[in-house]
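J.: This is the structure I want to talk about, given as structure tokens.
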Amino acid sequence: MAACLFTRRNFLSRVGWLAAFGTFGGLTAASGRYLFPNVLYEPPAEFKIAPPEEYPEGVTFVSAKRIFVIRQQNLIRVVSGVCTHIGCTVRWSEERNRFECPCHGSFFDENGAVTAGPAGKPLPWYGVSVAADGRLIVDEHKIVPFRQALTV
Amino acid sequence: MAVNTIRNALFENRFWKSAVRGVPPVSKWLRDKIFGLGLINLSLFIILNVTGILLMFYYVPYTDKAYNVIKDFQFAVSFGAVFRNMHRWSAYAMIVFVFLHMSRVFYMAEYREPREFNWVIGWVLFLCTLVGALTGYLLPWDQKAYWGMTIMSNVMASVPVIGEKLKFVVLGGDEIGQSALTRAYDIHVKVMPLIMGFLIAVHVIRGRTDDLLASPQMRGDAAGSAWSDIIKRELAKFFLILIIIMGASILFGAPLEEEANPSVTPVPAKAPWFFLGLQELLSWGTPFWGAIVVPNAVLLFAFLVPYIERGKTGSGVWFHPSRRLQNILFTALVTVAIGLIIIGAFFRGPGWRFYWPWQPWPLH
């Protein structure tokens, strides 16, 4: 009989420990993964807003979506209203021609670029298109440069 | 904590008196007073648990119902407002008293061997207190709660590499909604009380054994009627604290704003007061430095203090002269931390600009 690597006791003991640690490790990893949801019941990142003709010249805040729709004659752009510093909703100041964050005093010019305050990134411009029913579609996953506007 | 009172009650000649001899005390009255701060914290923890359980009989963690329940506490549930106020005020008091307890231990250099590990447990308890207070802050689902949590979640997101994942797992999604409320509730009513209850037990028992290790001569005369005396003293203190908290809760209502509204940021949006120092720090630069590097450096230092500072003299008395440097450093740190909170709370208006407390804010 060939030399035995394990005695039976030894082998069973190892299998036992392996099973114990495997189970424990597996459950730990599983509970870690468990905490990250796969399905989110959140509002979609791509959504419809009103048709373009309902937005007047200038800056309009769409409060339900925290975005600004900006119309310059026949050009339409959509910019995020969420401050890139810490997530407060910025407001448009007509007289100073800039977006102002009420939390930490970050300012963004009309192109979304940071002009003052602790914010590190500019306000992102979202891709916007027109749906078949004539309403605007905003896609928050699609970040576009400022010069890319929708012509209506 | 209980240990301190036991020490007071049992040992007329406090064990460190011999070490103190020959050193001119800063003040005869203060010299080695310990104020039973730990017991105050334990009492507050008990009050928090009891009132918390009472609140849970009505509260539901649903974004569309939570706020109404809080309104019911104010107007419809008998004594609901009192219990809610007691819960809120004891939580705030606990933050303050845990901090005072920690400061007391530092100024008396009682974190040294063999108490290093208990100091670390104490710090973990301090952090747990803050996490408990923060998760509780979200539950009323009012404007303060929603925007306070917005600020805190984005602070987490600014952690390098894992930040976004961290925010995602804490909120249970990309934005503050039902999942975030459910998780905050779970952490608030179960995770934190469990961990803290366990750690407090370890903290108290270790405190006692560490006392014995530090001074073997303490052993011996714990027999006889002393025990019931201690119980009476501790119980009397507990009732005093209970009376104060109840009195405060009848007189002062806990804050509650309008229901959470993601599209309207209050001006200015402020974090919970105990994190206002962090927010003030954040307004000076990117979250990476203000929220991550500076606080974590302070935290790490706090944890390691008993392992770094290896002095032998000056334990057991306030402001021992041989510890001038340590005390000055600690006082400076504490002053900055409290100063930041005060600036954030009273000197910041719209746009986080500087305003004197009596200066009116411009209306938009």
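So you can find residues: chains in the structure tokens are A, B, ... in the order shown, residues in each start at 1, and ligands are numbered from 1 in order.
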Residues of chain B no more than 9 Å from chain A, counting only C-alpha atoms: send them over as a compact mmCIF listing (two decimals) with N, CA and C atoms, in the first residue's frame.

T.:
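The resulting file, out-v2.txt, is shown below:
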# COMPACT_ATOMS: atom_id res chain seq x y z
N TRP B 147 -31.23 67.10 3.96
CA TRP B 147 -30.07 67.83 3.47
C TRP B 147 -28.82 67.57 4.31
N THR B 150 -27.66 64.48 2.79
CA THR B 150 -27.06 64.75 1.47
C THR B 150 -25.61 65.14 1.64
N ILE B 151 -25.38 66.07 2.56
CA ILE B 151 -24.02 66.53 2.79
C ILE B 151 -23.14 65.37 3.26
N MET B 152 -23.63 64.59 4.22
CA MET B 152 -22.81 63.51 4.77
C MET B 152 -22.53 62.43 3.72
N SER B 153 -23.52 62.11 2.87
CA SER B 153 -23.29 61.04 1.88
C SER B 153 -22.28 61.49 0.84
N ASN B 154 -22.29 62.78 0.51
CA ASN B 154 -21.31 63.25 -0.47
C ASN B 154 -19.92 63.38 0.12
N VAL B 155 -19.87 63.55 1.43
CA VAL B 155 -18.56 63.49 2.10
C VAL B 155 -17.98 62.09 1.94
N ALA B 157 -18.68 60.02 -0.44
CA ALA B 157 -18.37 59.80 -1.84
C ALA B 157 -17.00 60.38 -2.21
N SER B 158 -16.51 61.31 -1.40
CA SER B 158 -15.24 61.93 -1.75
C SER B 158 -14.04 61.15 -1.25
N LYS B 165 -18.58 53.78 -4.14
CA LYS B 165 -19.12 52.50 -3.67
C LYS B 165 -19.63 52.62 -2.24
N PHE B 168 -22.80 54.41 -2.18
CA PHE B 168 -23.83 53.53 -2.74
C PHE B 168 -24.32 52.52 -1.71
N VAL B 169 -23.38 51.93 -0.99
CA VAL B 169 -23.79 50.89 -0.05
C VAL B 169 -24.44 51.48 1.20
N VAL B 170 -24.00 52.68 1.59
CA VAL B 170 -24.62 53.31 2.75
C VAL B 170 -26.05 53.76 2.43
N GLY B 172 -27.79 52.57 -0.10
CA GLY B 172 -28.54 51.51 -0.75
C GLY B 172 -29.04 51.92 -2.12
N GLY B 173 -28.33 52.85 -2.76
CA GLY B 173 -28.74 53.35 -4.07
C GLY B 173 -27.92 54.57 -4.41
N ASP B 174 -28.33 55.26 -5.48
CA ASP B 174 -27.55 56.42 -5.90
C ASP B 174 -28.03 57.71 -5.25
N GLU B 175 -29.25 57.70 -4.75
CA GLU B 175 -29.73 58.93 -4.12
C GLU B 175 -30.43 58.61 -2.81
N GLY B 177 -33.22 57.98 -0.64
CA GLY B 177 -34.61 57.62 -0.81
C GLY B 177 -34.97 56.54 0.18
N GLN B 178 -35.91 55.69 -0.22
CA GLN B 178 -36.40 54.66 0.68
C GLN B 178 -35.28 53.77 1.23
N SER B 179 -34.36 53.34 0.35
CA SER B 179 -33.30 52.43 0.81
C SER B 179 -32.44 53.10 1.87
N PRO B 262 -36.49 67.17 -2.06
CA PRO B 262 -35.21 67.16 -2.76
C PRO B 262 -35.00 68.36 -3.67
N SER B 263 -36.08 69.01 -4.10
CA SER B 263 -35.88 70.09 -5.08
C SER B 263 -35.63 71.44 -4.42
N VAL B 264 -35.82 71.53 -3.12
CA VAL B 264 -35.58 72.80 -2.44
C VAL B 264 -34.48 72.65 -1.40
N THR B 265 -33.31 73.23 -1.69
CA THR B 265 -32.25 73.22 -0.69
C THR B 265 -32.48 74.37 0.26
N PRO B 266 -32.59 74.09 1.56
CA PRO B 266 -32.72 75.21 2.48
C PRO B 266 -31.47 76.09 2.43
N VAL B 267 -31.65 77.37 2.68
CA VAL B 267 -30.52 78.30 2.62
C VAL B 267 -30.19 78.79 4.02
N PRO B 268 -29.01 78.54 4.52
CA PRO B 268 -28.02 77.60 4.00
C PRO B 268 -28.33 76.18 4.51
N ALA B 269 -27.99 75.18 3.73
CA ALA B 269 -28.17 73.81 4.21
C ALA B 269 -27.04 73.48 5.18
N LYS B 270 -27.41 73.01 6.34
CA LYS B 270 -26.38 72.70 7.33
C LYS B 270 -26.42 71.24 7.74
N GLN B 279 -18.34 70.27 8.11
CA GLN B 279 -18.85 71.04 6.98
C GLN B 279 -18.09 72.35 6.82
N GLU B 280 -17.78 72.98 7.95
CA GLU B 280 -17.00 74.22 7.90
C GLU B 280 -15.64 73.95 7.25
N LEU B 282 -15.01 71.63 5.21
CA LEU B 282 -15.27 71.33 3.79
C LEU B 282 -15.38 72.58 2.95
N SER B 283 -15.87 73.66 3.55
CA SER B 283 -16.08 74.86 2.76
C SER B 283 -14.75 75.51 2.38
N TRP B 284 -13.69 75.04 2.97
CA TRP B 284 -12.39 75.64 2.68
C TRP B 284 -11.70 75.00 1.47
N GLY B 285 -12.16 73.85 1.06
CA GLY B 285 -11.49 73.22 -0.07
C GLY B 285 -12.22 71.98 -0.52
N THR B 286 -11.51 71.13 -1.23
CA THR B 286 -12.14 69.92 -1.74
C THR B 286 -12.43 68.96 -0.59
N PRO B 287 -13.47 68.15 -0.75
CA PRO B 287 -13.84 67.21 0.31
C PRO B 287 -12.70 66.28 0.69
N GLY B 349 -24.14 82.12 6.90
CA GLY B 349 -25.47 82.37 6.34
C GLY B 349 -25.52 81.88 4.91
N PRO B 350 -26.43 82.44 4.10
CA PRO B 350 -26.59 82.01 2.71
C PRO B 350 -25.26 82.04 1.97
N GLY B 351 -25.05 81.04 1.12
CA GLY B 351 -23.80 80.96 0.37
C GLY B 351 -22.62 80.66 1.26
N TRP B 352 -22.90 80.25 2.50
CA TRP B 352 -21.86 79.94 3.48
C TRP B 352 -20.94 81.13 3.68
N ARG B 353 -21.52 82.33 3.49
CA ARG B 353 -20.73 83.53 3.74
C ARG B 353 -20.76 83.84 5.22

J.: Contacts of region 143-146 of chain B at 7 Å or less, counting only C-alpha atoms, minus same-chain residues fewer than 2 places along, as an mmCIF file with C-alpha atoms, in the first residue's frame?

T.:
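Written output follows (selection_26.cif):
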data_model
loop_
_atom_site.group_PDB
_atom_site.id
_atom_site.type_symbol
_atom_site.label_atom_id
_atom_site.label_comp_id
_atom_site.auth_asym_id
_atom_site.auth_seq_id
_atom_site.Cartn_x
_atom_site.Cartn_y
_atom_site.Cartn_z
ATOM 1 C CA TYR B 137 -31.059 62.507 12.425
ATOM 2 C CA LEU B 138 -32.398 61.152 9.114
ATOM 3 C CA PRO B 140 -37.830 62.295 10.915
ATOM 4 C CA TRP B 141 -37.467 62.766 7.133
ATOM 5 C CA GLY B 148 -27.910 66.910 6.418
ATOM 6 C CA MET B 149 -27.746 63.405 4.980
ATOM 7 C CA THR B 150 -27.063 64.746 1.474
ATOM 8 C CA GLU B 257 -38.774 71.381 9.779
ATOM 9 C CA GLU B 258 -40.971 70.850 6.727
ATOM 10 C CA GLU B 259 -41.098 67.459 5.086
ATOM 11 C CA ALA B 260 -38.051 66.476 3.043
ATOM 12 C CA ASN B 261 -38.075 68.031 -0.416
#

J.: For Ile76 (chain A), please output as a list in words all residues within 8 Å (counting only C-alpha atoms; exclusion window: fewer than 2 positions along the same chain).

T.: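 The filter keeps Pro52, Val69, Ile70, Arg71, Gln72, Asn74, Val78, Ala149, Leu150, Thr151 and Val152 of chain A.
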
J.: Can you tell me, as a PyMOL selection string, what residues are no more than 12 Å from Ala131 (chain A) when counting only C-alpha atoms, ignoring any on the same chain fewer than 2 positions away?

T.: chain A and resi 46-52+128-129+133-139

J.: Once you have the residues from the selection above, write them out as a compact mmCIF listing (two decimals), in the first residue's frame, restricted to C-alpha atoms.

T.:
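Final file, selection02.txt:
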# COMPACT_ATOMS: atom_id res chain seq x y z
CA GLU A 46 -33.29 59.14 -18.79
CA PHE A 47 -36.62 60.90 -18.58
CA LYS A 48 -39.04 63.14 -20.43
CA ILE A 49 -39.78 66.73 -19.58
CA ALA A 50 -42.13 69.21 -21.29
CA PRO A 51 -41.92 70.04 -25.01
CA PRO A 52 -39.33 72.70 -25.94
CA VAL A 128 -31.06 66.24 -24.67
CA SER A 129 -33.20 65.13 -27.59
CA ASP A 133 -44.43 63.02 -28.95
CA GLY A 134 -42.55 66.30 -29.12
CA ARG A 135 -41.33 66.33 -25.53
CA LEU A 136 -37.71 66.69 -24.54
CA ILE A 137 -35.74 63.67 -23.37
CA VAL A 138 -32.93 64.26 -20.91
CA ASP A 139 -30.30 61.57 -20.38

J.: Hey, can you check how far CA of Leu276 (chain B) sits from CA of Ile341 (chain B)?

T.: 5.0 Å

J.: Can you check which residues of chain A DSSP gives as alpha helix (DSSP H) on the backbone and send them as a ChimeraX atom specification?

T.: /A:8-34

J.: For Tyr107 (chain B), find every residue with an atom within 9 Å (counting only C-alpha atoms), except residues of its own chain fewer than 3 positions away, and show them as a ChimeraX atom specification.

T.: /B:102-104,110,315-320,323,326-327,330

J.: Selected residues, N, CA and C atoms, written as a PDB file, in the first residue's frame, please.

T.:
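Just written: out_24.pdb:
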ATOM      1  N   MET B 102     -14.038  61.891  27.685  1.00  0.00           N
ATOM      2  CA  MET B 102     -12.770  61.667  27.005  1.00  0.00           C
ATOM      3  C   MET B 102     -11.755  62.745  27.389  1.00  0.00           C
ATOM      4  N   SER B 103     -12.205  63.992  27.423  1.00  0.00           N
ATOM      5  CA  SER B 103     -11.293  65.084  27.782  1.00  0.00           C
ATOM      6  C   SER B 103     -10.787  64.907  29.213  1.00  0.00           C
ATOM      7  N   ARG B 104     -11.674  64.518  30.094  1.00  0.00           N
ATOM      8  CA  ARG B 104     -11.315  64.303  31.497  1.00  0.00           C
ATOM      9  C   ARG B 104     -10.201  63.255  31.581  1.00  0.00           C
ATOM     10  N   GLU B 110      -5.153  59.291  32.094  1.00  0.00           N
ATOM     11  CA  GLU B 110      -5.568  57.965  32.531  1.00  0.00           C
ATOM     12  C   GLU B 110      -5.695  56.975  31.383  1.00  0.00           C
ATOM     13  N   SER B 315      -0.259  60.935  36.197  1.00  0.00           N
ATOM     14  CA  SER B 315      -1.542  60.257  36.059  1.00  0.00           C
ATOM     15  C   SER B 315      -2.422  60.543  37.263  1.00  0.00           C
ATOM     16  N   GLY B 316      -3.704  60.713  37.018  1.00  0.00           N
ATOM     17  CA  GLY B 316      -4.660  60.775  38.110  1.00  0.00           C
ATOM     18  C   GLY B 316      -4.909  62.147  38.680  1.00  0.00           C
ATOM     19  N   VAL B 317      -4.225  63.169  38.160  1.00  0.00           N
ATOM     20  CA  VAL B 317      -4.546  64.530  38.593  1.00  0.00           C
ATOM     21  C   VAL B 317      -4.761  65.400  37.359  1.00  0.00           C
ATOM     22  N   TRP B 318      -5.555  66.441  37.558  1.00  0.00           N
ATOM     23  CA  TRP B 318      -5.835  67.367  36.465  1.00  0.00           C
ATOM     24  C   TRP B 318      -4.602  68.214  36.154  1.00  0.00           C
ATOM     25  N   PHE B 319      -4.351  68.411  34.878  1.00  0.00           N
ATOM     26  CA  PHE B 319      -3.352  69.369  34.397  1.00  0.00           C
ATOM     27  C   PHE B 319      -2.014  69.257  35.124  1.00  0.00           C
ATOM     28  N   HIS B 320      -1.483  68.048  35.181  1.00  0.00           N
ATOM     29  CA  HIS B 320      -0.207  67.883  35.871  1.00  0.00           C
ATOM     30  C   HIS B 320       0.884  68.694  35.165  1.00  0.00           C
ATOM     31  N   ARG B 323       2.939  67.534  32.229  1.00  0.00           N
ATOM     32  CA  ARG B 323       2.254  67.220  30.981  1.00  0.00           C
ATOM     33  C   ARG B 323       1.804  68.480  30.253  1.00  0.00           C
ATOM     34  N   GLN B 326       1.475  68.134  26.330  1.00  0.00           N
ATOM     35  CA  GLN B 326       0.339  67.312  25.924  1.00  0.00           C
ATOM     36  C   GLN B 326      -0.970  68.065  26.124  1.00  0.00           C
ATOM     37  N   ASN B 327      -1.089  68.695  27.282  1.00  0.00           N
ATOM     38  CA  ASN B 327      -2.336  69.385  27.582  1.00  0.00           C
ATOM     39  C   ASN B 327      -2.564  70.569  26.656  1.00  0.00           C
ATOM     40  N   PHE B 330      -3.601  69.126  23.223  1.00  0.00           N
ATOM     41  CA  PHE B 330      -4.969  68.617  23.271  1.00  0.00           C
ATOM     42  C   PHE B 330      -5.980  69.763  23.310  1.00  0.00           C
TER      43      PHE B 330
END

J.: Can you work out the spacing between CA of Thr335 (chain B) and CA of Val105 (chain B) in Å, to one decimal?

T.: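 Separation between CA of Thr335 (chain B) and CA of Val105 (chain B): 16.8 Å.
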
J.: Which is closer to Pro122 (chain A) than all the others in A:Phe146, A:Phe24, A:Tyr55, A:Phe108, using only C-alpha atoms?

T.: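 Closest residue, counting only C-alpha atoms: A:Phe108.
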
J.: I'd like to know which of A:Ser31, A:Gln148, A:Asn97, A:Thr60 is closest to Ser80 (chain A), using only C-alpha atoms.

T.: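 Among the listed residues, the smallest separation from Ser80 (chain A) belongs to A:Thr60.
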
J.: Could you tell me how far CA of Phe238 (chain B) sits from CA of Ile205 (chain B), in Å to one decimal place?

T.: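 Separation between CA of Ile205 (chain B) and CA of Phe238 (chain B): 19.0 Å.
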
J.: Among region 1-151 of chain A, which residues carry a DSSP assignment of strand (DSSP E), reported as a VMD selection string?

T.: chain A and resid 46 to 48 58 to 62 67 to 72 75 to 80 91 to 93 98 to 100 107 to 109 114 to 116 125 to 130 136 to 144 150 to 151

J.: For Ala254 (chain B), work out the shell of residues within 9 Å, counting only C-alpha atoms and skipping chain neighbours fewer than 4 positions away, then give it as number ranges by chain.

T.: B: 81, 84-86, 88-89, 249

J.: For the selection you just gave me, I'd like the residues written to a file as an mmCIF file, in the first residue's frame, keeping C-alpha atoms.

T.:
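part-v4.cif, freshly written:
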data_model
loop_
_atom_site.group_PDB
_atom_site.id
_atom_site.type_symbol
_atom_site.label_atom_id
_atom_site.label_comp_id
_atom_site.auth_asym_id
_atom_site.auth_seq_id
_atom_site.Cartn_x
_atom_site.Cartn_y
_atom_site.Cartn_z
ATOM 1 C CA ALA B 81 -43.558 64.854 22.010
ATOM 2 C CA ARG B 84 -39.259 62.265 21.216
ATOM 3 C CA ASN B 85 -37.715 65.296 22.917
ATOM 4 C CA MET B 86 -36.142 63.107 25.584
ATOM 5 C CA ARG B 88 -33.253 63.872 21.002
ATOM 6 C CA TRP B 89 -31.913 65.762 24.001
ATOM 7 C CA SER B 249 -37.947 67.748 27.192
#
